[in-house]
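Enquirer: Right, I'll just put the structure down here and ask away after.
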Number of protein chains: 4
Amino acid sequence: METIDLKTSQATFNNQAFQCIGTGRLGLALHQEYQQELAFVQRQLQFKYIRGHGLFADDVGIYHEYQDDHGQTQVEYNFTYLDRIMDGYQRQGISPFLELGFMPKQLASGDQTTFYWQANVTPPKDPQRWVALVQATLRHLLDRYGQQVLSWPIEVWNEPNLTNFWQDTDMAKYFELFKLTIQAIKQIDPRFRVGGPAICGVDDERWLREFVTFCEREALPVDFFTRHFYTVNPVPVEGHYRYPSLRQLDESFHELEVSRRIIDQSSRYHGLPMYISEFSSSYSPDAPLHDTVKNAAYVAALLARLGATSQLYSYWTFGDVFEEKGIPFQEFHGGFGLVAFHNIPKPTFWTFKFFKQLVGDCLVNTDHCVITQDARGTLHGVAFNYGDTDRAMTLQLPETLTGQCYLLQQRLDDDHANPLKTWHVLGEPQSLDERQIELLRDAAVPETVTTTLSDQRTVELHVAPNAVTYFEIGQQAQAHDRGYDYRKI
Amino acid sequence: METIDLKTSQATFNNQAFQCIGTGRLGLALHQEYQQELAFVQRQLQFKYIRGHGLFADDVGIYHEYQDDHGQTQVEYNFTYLDRIMDGYQRQGISPFLELGFMPKQLASGDQTTFYWQANVTPPKDPQRWVALVQATLRHLLDRYGQQVLSWPIEVWNEPNLTNFWQDTDMAKYFELFKLTIQAIKQIDPRFRVGGPAICGVDDERWLREFVTFCEREALPVDFFTRHFYTVNPVPVEGHYRYPSLRQLDESFHELEVSRRIIDQSSRYHGLPMYISEFSSSYSPDAPLHDTVKNAAYVAALLARLGATSQLYSYWTFGDVFEEKGIPFQEFHGGFGLVAFHNIPKPTFWTFKFFKQLVGDCLVNTDHCVITQDARGTLHGVAFNYGDTDRAMTLQLPETLTGQCYLLQQRLDDDHANPLKTWHVLGEPQSLDERQIELLRDAAVPETVTTTLSDQRTVELHVAPNAVTYFEIGQQAQAHDRGYDYRKI
Amino acid sequence: METIDLKTSQATFNNQAFQCIGTGRLGLALHQEYQQELAFVQRQLQFKYIRGHGLFADDVGIYHEYQDDHGQTQVEYNFTYLDRIMDGYQRQGISPFLELGFMPKQLASGDQTTFYWQANVTPPKDPQRWVALVQATLRHLLDRYGQQVLSWPIEVWNEPNLTNFWQDTDMAKYFELFKLTIQAIKQIDPRFRVGGPAICGVDDERWLREFVTFCEREALPVDFFTRHFYTVNPVPVEGHYRYPSLRQLDESFHELEVSRRIIDQSSRYHGLPMYISEFSSSYSPDAPLHDTVKNAAYVAALLARLGATSQLYSYWTFGDVFEEKGIPFQEFHGGFGLVAFHNIPKPTFWTFKFFKQLVGDCLVNTDHCVITQDARGTLHGVAFNYGDTDRAMTLQLPETLTGQCYLLQQRLDDDHANPLKTWHVLGEPQSLDERQIELLRDAAVPETVTTTLSDQRTVELHVAPNAVTYFEIGQQAQAHDRGYDYRKI
Amino acid sequence: METIDLKTSQATFNNQAFQCIGTGRLGLALHQEYQQELAFVQRQLQFKYIRGHGLFADDVGIYHEYQDDHGQTQVEYNFTYLDRIMDGYQRQGISPFLELGFMPKQLASGDQTTFYWQANVTPPKDPQRWVALVQATLRHLLDRYGQQVLSWPIEVWNEPNLTNFWQDTDMAKYFELFKLTIQAIKQIDPRFRVGGPAICGVDDERWLREFVTFCEREALPVDFFTRHFYTVNPVPVEGHYRYPSLRQLDESFHELEVSRRIIDQSSRYHGLPMYISEFSSSYSPDAPLHDTVKNAAYVAALLARLGATSQLYSYWTFGDVFEEKGIPFQEFHGGFGLVAFHNIPKPTFWTFKFFKQLVGDCLVNTDHCVITQDARGTLHGVAFNYGDTDRAMTLQLPETLTGQCYLLQQRLDDDHANPLKTWHVLGEPQSLDERQIELLRDAAVPETVTTTLSDQRTVELHVAPNAVTYFEIGQQAQAHDRGYDYRKI
């Protein structure tokens, strides 16, 4: 049993969990189910930015070439769906983190595509048309949404260090594209905020180092650097799904520290923000791991620590409307979302919800617990355990918490806030009816446990394997009703 | 440990819990909070009728007298609020069970009032104006809502056997009013459905007997008889509240059996429906008992048995928008509602929700358990315990439930679906903020527990004191997804 | 000036305008904008069925083949999106008119596609897999939505008499597909309602005759026959759009009469329903004609007469969420919809709205006017004029309309309910802001004109070119408020 | 025909029309209809503050006295309904302009009441309990809604210069109450903003002068002065209604100028804001005038000029949920509201809507016209005419408006946006059905007229009697769609 003395403790905790959230490709933002899941998430978590692929994909349909009457190729832009998508985000109180890509078919230099939805991943056949497309799009957004657009982060392409996202992982071609693009954007208005290289953790150290060197050499006005962060060991698909194992946390976080160091070693870019424009446990939308309580506990450990190196980290993704591997066959299918179809929150949703409540100054930040204290002296904590054995801890309360206090716990574990299990025991029904949806929603709520503390100086907490507990300890409100007596009921 | 053999059992269960629900006075239906609570209830419980006092109260404002230019008193009717209230009910998918009363001030023969909202409880100063008022109102409803109005139950007055609801509890005057009123209504259309005497359980045997005798003698075309049913011992108020004890169930139900017998002994009215136009544990809106898990368990016992004598029984009431004793001072205040302010369901809400799910044929109906089986062989049960000790039972499953089955339990007890306790431990805050409301809603959800049964022939259930469990045992759905394997996660 | 004597007139009018409505491909039903436009339409027009292409298209994604571990091709079905689409329709109070097609890529025998969204129009590579797909889909719907599915109309394929919808317009192959399909469906349940051949007006007489002959010979249990009905002369595209001219009405209607006769000449199918599963003026979604007041007046003439030969006729389409020619570039673009983006009703929406109000017995049905009379004696009329000159008519009122009457007119013409014109004068803005949307909505409302008729025996009506007027003549309500005097205001 | 040269004109226009709006008594804010009407208004007009009577009325129910066990009178406060009302305002994006009054029955020194809802208008029986009530209420609001409460205007009582609002119109007693109250409030926090004397235009000059003198003498920290402004000649009720005539505008405005001068003559309060905490044409909720197009035109004239003397002027009221003279008998009944029941906007709603659109610098502000020009050069104007003859004007356009321009007009007059007339011609139906509501909503929309101006230098406008026209003249948007040609349709 570990003892934590809250009378003296102090810790660092840079909670940026709500800066950004990931999404399936932008074209899916046209879907009603997408907007409903996003509304559910935004009402409770209020993310600031949302980042997804496919801004220039053909289902958003911005770019068009045609032959004029003289046989000349002309370009025209169609912003109908872009407006609809961005209007939707505005209504939800969220702004885009703009990822410029992938390549419109008519502008592509090749045929290579990735994903079920066939994102073209080849360089532009004509760099000047790419520049014109980027500029026209940003000018249109500026015209429609005003000066706020200047503060939206803009990232050039996605994971060019993977062959399925960038033809041949041709580093020089990516750097050229980046240079061209950032210069084109800053030409419109130097206040636009632009970054890259949006790499994932494959050969990442070399890529980032070379990228920083290139940008320095070209004196590019980079505003932030971006990378991704996934923490499982690769495994092949079995049937529709895959079942990866989690890597050691320290091993994973080491990657981020290296990245941070590379940036800070640059004399030009030293101290610039590092944005993790995607993170999750697994990097594929067919890993049932995402739907589990284990994932919730593991992501809690990530959230406790990501702010140490990064100013923004974007969980991939808010919901399960997603088609990279095709249309999901059933309610639980290993999708990335915090929320499953029909607005059934997954366990990891609650991890974010609990972290949202960590207000005030940080007293404790360890690999299984973060505790803060607000201005009224109330303690807010999240305890998490993705190991295989129970965890117990004794909190020694600060002096400020005297007299009648309450201990509130909200718990998720194998038996609570675990709709995946409920669904499994029901026999994994594929087409949910109204009653099953309602049942799964009930089953997705954490257990609330409240206890009165009468002048206690210590509190014991137990956290089961694969569990997350939010707890709060504060003075009881002073009841004002002269006539109410709970003891007589 | 009790054993229940579901292979052979059979029972009678007349589930009429959703025929009707009570409400605070009709004027309160103008309130937004009222409509929101009603929407919450209707979405999940779909009651058919709604009954409340105050149709003719001055806040609905139908009746007006004025002096014309010749000094003659004239009457005019104002249906503005009546329409608004009835339109609201139509939108919610519910129809009124019309209680004709109390007396408009201008039509009253005296000053006696009851309730904080000052309902006048004296006979009409002019019976013909009463008749005209009743007829004008019904004609207006018929004109606006069509033929459906003919099927709405109509009851004359409320609890004339109590002195605070009917001046002097003057039986002869009530009978006269009833006769006058039923005849006036049937004169418009004999298909209107009318009943009385709407008495509570005070001197009820004598009142009902005399009433039946009177109606027989006068050959009145009564369509149903009505009475109320409350099951606590009277206690005085302490501060704002009172803390009554529950009566023995058998003692209470005996009253109903007597009433039923009185009706059936009439040659004219033998077999006519008996409607319990109000029931609950306590009869006053200042009994914190209503907010408790004990109440939920006790009401379950009532719901199991009420259908044996009655074709309709109306829980008093759906929500806490209610002013008979004044405006409640705080969230939990002993109000009658299934739902507390801010749409926080009380434990008794779940009792109704669970009974809603009792579909199919009844196998078991005892004083702690009702079990049904639907056409697919799935068992649905509600087990309840308002005693002080744990209860356990062993179910022997029918042959039809073989192979992989699921056992689903949804439980409320002292620690689950008990927002009263959560609120109490928080210190009984009077003005709830958004976060507290959200927390109480989370705390108001029953615990869901699911278990896989592999060819088991018996299932054990445990029900704690003051607890209600909904359980369901059925075949697991057959998973269709070739790729999904829960064991590998 | 024409005179119509309503004292003696009588006419036939079979108003089936609200049986069915067309829609963009089913996959678009996933879109939020689609659902919002449909909600707007359904709230006011309440269509019973909705028919669109693409049930088996790859974006709905039902059909999947894969290799099992033994190298055998297996089939699996994915109903995730189908359920979402059908659930959406259920919530909107509308049911599908199921068009079986086009071909899933994995099941297709060839590569030929049509539309921007690449509908594969080749026969199945394996008829038995087609049969299995159809049966699995219908069984799934039956399981999820119950017995109502048996009453949903089912049509095999779309316009096989056009080469871009059916490879080589191979009649024999279509007949074979039809036979195979209807037999497969009736095998599940003979109560399913199935029809064809869903032809358009190209070589239609020969196709229908051959089809009826084939079905007779094969003794197929056809429930209804289907065809389409468009009434413009073909023109080529200019830029993004085309500007066709309207054909003479009689010439168009003659086609329908021929079809009707072919069916009735069959001894087996004589008297079976003929469904017009698509109709509009122009057959292409790039004809600004659809957005005009002329279209509204012309469609009124169609609605007056279509019921004479057909039991169902489905206007193509309810809204502008549609991608056959790609994503529209701007608010008004010649789309098929009754409603434009952002729920701005087009003039033709009002034609339907006005026809919805034609209740009661028909007194007059001519090529510029339909008039009915309801049970209370109130006259309801729609007058329309798609010609180039004003039209005037004098109505001689029936005896029943005496005393104080009202004449209500709701008018659309070049200056009223013509948002296309407003948008044009504003300079055809491509990206509408909130204020412009609001302005266009205001501009899309018909002009309301009310007149008091004091014992008048005749009423004159004037209908401008390209205008539609709804009119109503009835007794004034009797004012009940003793204090209100309009003349003193 | 008047000519206005917009090339050179300039004018002063202080548009404060959206600072504040009046409301029926606060207790009515509990009503659903109230909230729906307010939502309609707020979505389009976005008022900042809302002011109504009855904060301390018994239906809000804050103040309670009771005898404790020792026979001592104790006070308790009930904030249940206050919270519900204020939460509602927060959700609607509006804040209260707090009027402190009237007197809770238990705190009153006498029985005198006013209104159907029986507002007690006597001084407190115990000034210290009044102070405690005010302080407890403000502390509670501060605790619940935070620092924003400090900026809410607070006014002491209502119209103490009328005998039916303040017993005996006892000036000394009012001044005493004011002093007591402002000192009590500033004691909590001196940043609270407090003003008075909330007088109407009866003996107003003397009252204001004496009030200012009193405040100066007592050195009271007044933040603003308040008065009311109604502009009709008194008439008696006939039946339920009254039909007053309008006073000359100059005569009315003279009162305000006098008030302004009295304030500015004070050395202490010189330049402090003057708030018109109520204004309308008629001062009684039974004047059908409020529902007319004449009222809309007259109020336009008020809005053009009120900002010249006042920093805030609050139209009395936003909607028709109002009970001062009892419950309205029918849809149109002379209520104060901008919006009638069922969210049918009255003509005056559009006057506000049009004034909302007067953005940019003012070019013209006369007694029949206000014109502004925004940063893009677009002209926005409201022309109004409450006289009996047509008005015409010629606008000479500024140089900046060259090339293709649009002229947009939105018009209300006897025949447009006049639902009162439509309702009257239908026979003044008392209980509106769905279809009538829809019809009246259609009839309540102004006529939109758009014209293309091709290099025109002048524009003629005609305004009918009792009419208001919003007009806008701007450059046509540049159409971007290469394929669209309106002329070919």
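Letters A, B, ... mark the chains of the structure tokens in the order given; residue numbers begin at 1 per chain; ligand numbers begin at 1, in order shown.
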Assign secondary structure with DSSP using the backbone only, and return the residues of region 202-444 of chain B in alpha helix (DSSP H) as number ranges by chain.
Expert: B: 204-218, 249-265, 293-306, 347-356, 419-425, 434-443
Enquirer: Could you give me, as a tab-separated table, a per-residue list for chain B showing, wherever an atom lies at most 8 Å from an atom of chain A, the closest pair of atoms and their distance in Å to one decimal, using only C-alpha atoms and sorting by chain then residue number from low to high?
Expert:
```
residue	atom	partner	partner_atom	distance
B:Glu238	CA	A:Gly483	CA	6.5
B:Gly239	CA	A:Gly483	CA	3.8
B:His240	CA	A:Gly483	CA	4.5
B:Tyr241	CA	A:Gly483	CA	6.0
B:Tyr243	CA	A:Ile489	CA	5.9
B:Pro288	CA	A:Ile489	CA	6.2
B:Leu289	CA	A:Ile489	CA	5.9
B:Phe329	CA	A:Asp481	CA	6.9
B:Gln330	CA	A:Asp481	CA	7.6
B:His333	CA	A:Tyr484	CA	7.5
B:Cys405	CA	A:Leu426	CA	8.0
B:Tyr406	CA	A:Leu426	CA	5.8
B:Asp415	CA	A:Val449	CA	6.9
B:His416	CA	A:Thr448	CA	7.6
B:Lys421	CA	A:Thr450	CA	7.9
B:Thr422	CA	A:Thr450	CA	5.9
B:His424	CA	A:Tyr486	CA	7.4
B:Val425	CA	A:Thr452	CA	5.7
B:Leu426	CA	A:Gln476	CA	5.2
B:Gly427	CA	A:Gln476	CA	4.3
B:Glu428	CA	A:Ala479	CA	5.4
B:Pro429	CA	A:Ala477	CA	5.5
B:Gln430	CA	A:Ala479	CA	7.0
B:Asp442	CA	A:Val445	CA	6.4
B:Ala443	CA	A:Thr448	CA	5.4
B:Val445	CA	A:Asp442	CA	6.4
B:Pro446	CA	A:Asp442	CA	7.3
B:Glu447	CA	A:Ala443	CA	7.2
B:Thr448	CA	A:Ala443	CA	5.4
B:Val449	CA	A:Asp415	CA	6.9
B:Thr450	CA	A:Thr422	CA	5.9
B:Thr451	CA	A:Val425	CA	6.3
B:Thr452	CA	A:Val425	CA	5.7
B:Gln476	CA	A:Gly427	CA	4.3
B:Ala477	CA	A:Gly427	CA	4.3
B:Gln478	CA	A:Gly427	CA	5.9
B:Ala479	CA	A:Glu428	CA	5.4
B:His480	CA	A:Gln430	CA	7.1
B:Asp481	CA	A:Phe329	CA	6.9
B:Arg482	CA	A:Gly239	CA	6.3
B:Gly483	CA	A:Gly239	CA	3.8
B:Tyr484	CA	A:Tyr241	CA	6.5
B:Tyr486	CA	A:His424	CA	7.4
B:Lys488	CA	A:Tyr243	CA	6.4
B:Ile489	CA	A:Tyr243	CA	5.9
```
Enquirer: Skipping near chain neighbours, those fewer than 4 positions away, what residues fall within 6 Å of region 3-16 of chain B using only C-alpha atoms, listed as a ChimeraX atom specification?
Expert: /B:307,312,362-365,393-398
Enquirer: Since we have the selection now, will you write its residues out, keeping N, CA and C atoms, as a compact mmCIF listing (two decimals), in the first residue's frame?
Expert:
```txt
# COMPACT_ATOMS: atom_id res chain seq x y z
N GLY B 307 -53.25 -4.95 -10.34
CA GLY B 307 -54.08 -5.38 -11.46
C GLY B 307 -55.09 -6.45 -11.10
N LEU B 312 -57.17 0.05 -13.92
CA LEU B 312 -56.31 1.23 -14.12
C LEU B 312 -55.87 1.67 -12.74
N CYS B 362 -47.17 -14.63 -17.88
CA CYS B 362 -46.66 -14.63 -16.52
C CYS B 362 -46.43 -16.05 -16.03
N LEU B 363 -45.24 -16.29 -15.48
CA LEU B 363 -44.92 -17.59 -14.88
C LEU B 363 -45.02 -17.52 -13.36
N VAL B 364 -44.63 -16.34 -12.81
CA VAL B 364 -44.55 -16.21 -11.35
C VAL B 364 -45.03 -14.82 -10.95
N ASN B 365 -45.83 -14.74 -9.90
CA ASN B 365 -46.22 -13.45 -9.35
C ASN B 365 -46.41 -13.62 -7.85
N MET B 393 -32.92 -16.37 -4.13
CA MET B 393 -33.82 -17.35 -4.75
C MET B 393 -33.07 -18.10 -5.84
N THR B 394 -33.47 -19.33 -6.02
CA THR B 394 -32.90 -20.16 -7.08
C THR B 394 -33.97 -20.38 -8.14
N LEU B 395 -33.61 -20.02 -9.34
CA LEU B 395 -34.55 -20.24 -10.45
C LEU B 395 -34.15 -21.52 -11.17
N GLN B 396 -35.08 -22.40 -11.37
CA GLN B 396 -34.84 -23.57 -12.22
C GLN B 396 -35.34 -23.22 -13.61
N LEU B 397 -34.42 -23.22 -14.56
CA LEU B 397 -34.72 -22.69 -15.89
C LEU B 397 -35.56 -23.66 -16.72
N PRO B 398 -36.40 -23.12 -17.60
CA PRO B 398 -37.18 -24.00 -18.49
C PRO B 398 -36.27 -24.67 -19.51
```
Enquirer: Would you mind reading off the distance between CA of Val232 (chain B) and CA of Phe354 (chain B), one decimal, in Å?
Expert: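 Distance between the two atoms: 23.8 Å.
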Enquirer: Mind checking which residues fall within 8 Å of Ile437 (chain C), counting only C-alpha atoms, ignoring those fewer than 4 positions away in the same chain, and posting them as a list in words?
Expert: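 Here the answer would be His342, Ile344, Leu432, Asp433 and Arg441 of chain C.
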Enquirer: Keeping only all heavy atoms, take the residues you just selected and write them out as a short mmCIF file (atom, residue, chain, number, x, y, z; two decimals), in the first residue's frame.
Expert:
```
data_model
loop_
_atom_site.label_atom_id
_atom_site.label_comp_id
_atom_site.auth_asym_id
_atom_site.auth_seq_id
_atom_site.Cartn_x
_atom_site.Cartn_y
_atom_site.Cartn_z
N HIS C 342 -30.13 24.08 -47.35
CA HIS C 342 -30.50 24.95 -46.22
C HIS C 342 -32.01 25.07 -46.07
O HIS C 342 -32.50 26.06 -45.52
CB HIS C 342 -29.91 26.36 -46.38
CG HIS C 342 -28.45 26.40 -46.68
ND1 HIS C 342 -27.97 26.63 -47.96
CD2 HIS C 342 -27.38 26.22 -45.91
CE1 HIS C 342 -26.65 26.60 -47.95
NE2 HIS C 342 -26.26 26.35 -46.71
N ILE C 344 -34.43 25.76 -48.07
CA ILE C 344 -35.13 26.83 -48.78
C ILE C 344 -36.07 26.16 -49.78
O ILE C 344 -35.61 25.51 -50.72
CB ILE C 344 -34.13 27.76 -49.48
CG1 ILE C 344 -33.27 28.46 -48.42
CG2 ILE C 344 -34.86 28.76 -50.37
CD1 ILE C 344 -32.04 29.14 -48.96
N LEU C 432 -23.48 30.88 -49.17
CA LEU C 432 -24.47 31.71 -48.48
C LEU C 432 -24.12 31.85 -47.00
O LEU C 432 -23.81 30.86 -46.34
CB LEU C 432 -25.86 31.07 -48.59
CG LEU C 432 -26.40 30.87 -50.00
CD1 LEU C 432 -27.80 30.27 -49.93
CD2 LEU C 432 -26.43 32.18 -50.77
N ASP C 433 -24.22 33.06 -46.49
CA ASP C 433 -24.07 33.23 -45.05
C ASP C 433 -25.45 33.18 -44.38
O ASP C 433 -26.48 33.10 -45.06
CB ASP C 433 -23.30 34.52 -44.72
CG ASP C 433 -24.00 35.77 -45.22
OD1 ASP C 433 -25.25 35.77 -45.32
OD2 ASP C 433 -23.30 36.76 -45.51
N ARG C 441 -35.11 32.41 -47.32
CA ARG C 441 -36.27 31.73 -46.73
C ARG C 441 -37.48 32.67 -46.68
O ARG C 441 -38.60 32.26 -46.98
CB ARG C 441 -35.94 31.23 -45.31
CG ARG C 441 -35.15 29.96 -45.32
CD ARG C 441 -35.04 29.38 -43.92
NE ARG C 441 -34.03 28.31 -43.91
CZ ARG C 441 -33.18 28.07 -42.93
NH1 ARG C 441 -33.20 28.83 -41.85
NH2 ARG C 441 -32.32 27.08 -43.01
#
```
Enquirer: For Leu30 (chain A), which residue out of A:Glu323, A:His64, A:Asp83, A:Met1 is the nearest one, using only C-alpha atoms?
Expert: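 Smallest separation from Leu30 (chain A) among the options: A:Asp83.
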Enquirer: CA of Ser151 (chain D) and CA of Ala39 (chain D), how far apart in Å?
Expert: 22.7 Å
